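A.B. asks: Okay, here's the structure, questions in a sec.
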Amino acid sequence: DAINKYFSLSGMPIVSSNYFHVIHGNTPDEAKQDEEGMQTMRNLARNMSWMLRCFALGRENGIDAPEAERTYQTNFVR
C-alpha cells in the first residue's frame, strides 16, 4: 500500500493482480513450484498487457492522457 501511494500520487496507472506481486524460490525451478506466485504473475501479466493495449488503442484513436493540473501546497493551519 505504501509503495502504491507513490505511484498514485504521481498520477501513474497501477496494474493490479490477485495478491502481492511476489514469487518465492531460491532457484528458477523452485519458483515454478510456487503455484500461488505463478498464478499471481500470470494475472499481473494479463492485466498489464490489457492496460498497455488500451493505452495504445486510445492513442491511435486520438484519446490523449489528461493534462496534469497545477499542484497547490496548502497549509491547513490558519
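Here, A, B, ... name the chains of the C-alpha cells in the order displayed, residue numbers run from 1 inside each chain, and ligands are numbered from 1 in the same displayed order.
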Write down as an MDAnalysis selection string the residues belonging to chain A that are assigned helix (DSSP H, G or I) by DSSP computed on the backbone.

C.D. replies: chainID A and resid 2:9 28:32 35:60

A.B. asks: Restrict the selected residues to N, CA and C atoms and save them as a short mmCIF file (atom, residue, chain, number, x, y, z; two decimals), in the first residue's frame.

C.D. replies:
```
data_model
loop_
_atom_site.label_atom_id
_atom_site.label_comp_id
_atom_site.auth_asym_id
_atom_site.auth_seq_id
_atom_site.Cartn_x
_atom_site.Cartn_y
_atom_site.Cartn_z
N ALA A 2 1.90 1.27 0.82
CA ALA A 2 2.76 2.45 0.89
C ALA A 2 3.46 2.69 -0.45
N ILE A 3 3.92 1.62 -1.09
CA ILE A 3 4.59 1.79 -2.38
C ILE A 3 3.60 2.26 -3.44
N ASN A 4 2.40 1.70 -3.47
CA ASN A 4 1.40 2.11 -4.45
C ASN A 4 1.00 3.56 -4.29
N LYS A 5 1.05 4.10 -3.07
CA LYS A 5 0.71 5.51 -2.87
C LYS A 5 1.65 6.41 -3.67
N TYR A 6 2.93 6.06 -3.75
CA TYR A 6 3.87 6.87 -4.53
C TYR A 6 3.47 6.89 -6.00
N PHE A 7 3.04 5.75 -6.53
CA PHE A 7 2.60 5.71 -7.92
C PHE A 7 1.35 6.56 -8.12
N SER A 8 0.37 6.38 -7.26
CA SER A 8 -0.89 7.11 -7.45
C SER A 8 -0.70 8.61 -7.23
N LEU A 9 0.16 9.01 -6.31
CA LEU A 9 0.42 10.44 -6.11
C LEU A 9 1.12 11.06 -7.31
N PRO A 28 15.15 -20.87 -10.19
CA PRO A 28 14.00 -20.78 -11.10
C PRO A 28 13.09 -22.00 -11.00
N ASP A 29 13.66 -23.19 -10.82
CA ASP A 29 12.82 -24.38 -10.69
C ASP A 29 11.97 -24.34 -9.43
N GLU A 30 12.52 -23.86 -8.32
CA GLU A 30 11.74 -23.72 -7.09
C GLU A 30 10.64 -22.69 -7.28
N ALA A 31 10.95 -21.59 -7.95
CA ALA A 31 9.95 -20.54 -8.16
C ALA A 31 8.78 -21.07 -8.98
N LYS A 32 9.07 -21.93 -9.94
CA LYS A 32 7.99 -22.51 -10.76
C LYS A 32 7.05 -23.38 -9.94
N GLU A 35 2.87 -22.25 -6.88
CA GLU A 35 1.66 -22.14 -7.71
C GLU A 35 0.93 -20.81 -7.50
N GLU A 36 0.84 -20.38 -6.24
CA GLU A 36 0.15 -19.13 -5.97
C GLU A 36 0.92 -17.96 -6.58
N GLY A 37 2.24 -17.95 -6.43
CA GLY A 37 3.06 -16.89 -7.01
C GLY A 37 2.98 -16.88 -8.53
N MET A 38 3.00 -18.07 -9.14
CA MET A 38 2.91 -18.17 -10.60
C MET A 38 1.56 -17.65 -11.09
N GLN A 39 0.49 -17.99 -10.37
CA GLN A 39 -0.84 -17.50 -10.75
C GLN A 39 -0.90 -15.98 -10.63
N THR A 40 -0.35 -15.45 -9.56
CA THR A 40 -0.33 -14.00 -9.37
C THR A 40 0.41 -13.33 -10.51
N MET A 41 1.55 -13.87 -10.92
CA MET A 41 2.33 -13.28 -12.01
C MET A 41 1.60 -13.39 -13.35
N ARG A 42 0.90 -14.50 -13.57
CA ARG A 42 0.11 -14.63 -14.81
C ARG A 42 -1.00 -13.59 -14.84
N ASN A 43 -1.69 -13.42 -13.72
CA ASN A 43 -2.75 -12.40 -13.65
C ASN A 43 -2.18 -11.00 -13.85
N LEU A 44 -1.05 -10.73 -13.24
CA LEU A 44 -0.39 -9.43 -13.39
C LEU A 44 -0.03 -9.19 -14.86
N ALA A 45 0.56 -10.21 -15.50
CA ALA A 45 0.96 -10.07 -16.90
C ALA A 45 -0.25 -9.85 -17.79
N ARG A 46 -1.33 -10.58 -17.55
CA ARG A 46 -2.55 -10.42 -18.35
C ARG A 46 -3.12 -9.01 -18.18
N ASN A 47 -3.18 -8.54 -16.94
CA ASN A 47 -3.72 -7.21 -16.68
C ASN A 47 -2.83 -6.11 -17.26
N MET A 48 -1.52 -6.30 -17.19
CA MET A 48 -0.60 -5.30 -17.73
C MET A 48 -0.71 -5.27 -19.26
N SER A 49 -0.79 -6.42 -19.88
CA SER A 49 -0.94 -6.50 -21.33
C SER A 49 -2.23 -5.80 -21.77
N TRP A 50 -3.31 -6.05 -21.05
CA TRP A 50 -4.60 -5.42 -21.38
C TRP A 50 -4.49 -3.90 -21.25
N MET A 51 -3.88 -3.43 -20.17
CA MET A 51 -3.77 -1.98 -19.95
C MET A 51 -2.92 -1.33 -21.04
N LEU A 52 -1.81 -1.96 -21.41
CA LEU A 52 -0.96 -1.40 -22.46
C LEU A 52 -1.68 -1.36 -23.80
N ARG A 53 -2.47 -2.40 -24.10
CA ARG A 53 -3.25 -2.39 -25.34
C ARG A 53 -4.30 -1.27 -25.31
N CYS A 54 -4.92 -1.05 -24.17
CA CYS A 54 -5.90 0.04 -24.05
C CYS A 54 -5.24 1.40 -24.28
N PHE A 55 -4.05 1.59 -23.71
CA PHE A 55 -3.33 2.85 -23.92
C PHE A 55 -3.02 3.04 -25.41
N ALA A 56 -2.54 1.98 -26.06
CA ALA A 56 -2.18 2.07 -27.49
C ALA A 56 -3.42 2.39 -28.33
N LEU A 57 -4.53 1.70 -28.06
CA LEU A 57 -5.76 1.97 -28.81
C LEU A 57 -6.26 3.39 -28.57
N GLY A 58 -6.13 3.86 -27.35
CA GLY A 58 -6.52 5.23 -27.06
C GLY A 58 -5.71 6.23 -27.86
N ARG A 59 -4.39 6.07 -27.87
CA ARG A 59 -3.52 6.97 -28.64
C ARG A 59 -3.86 6.91 -30.12
N GLU A 60 -4.08 5.70 -30.66
CA GLU A 60 -4.41 5.55 -32.08
C GLU A 60 -5.72 6.24 -32.44
#
```

A.B. asks: Would you list the contacts of Asp34 (chain A) as a count of residues only, taking every protein, DNA or RNA residue within 8 Å and counting only C-alpha atoms, but skipping same-chain residues closer than 6 positions in sequence?

C.D. replies: 3

A.B. asks: Hey, what's within 12 Å of Ala68 (chain A) if we count only C-alpha atoms and toss same-chain stuff fewer than 5 positions away? As a VMD selection string, please?

C.D. replies: chain A and resid 9 to 12
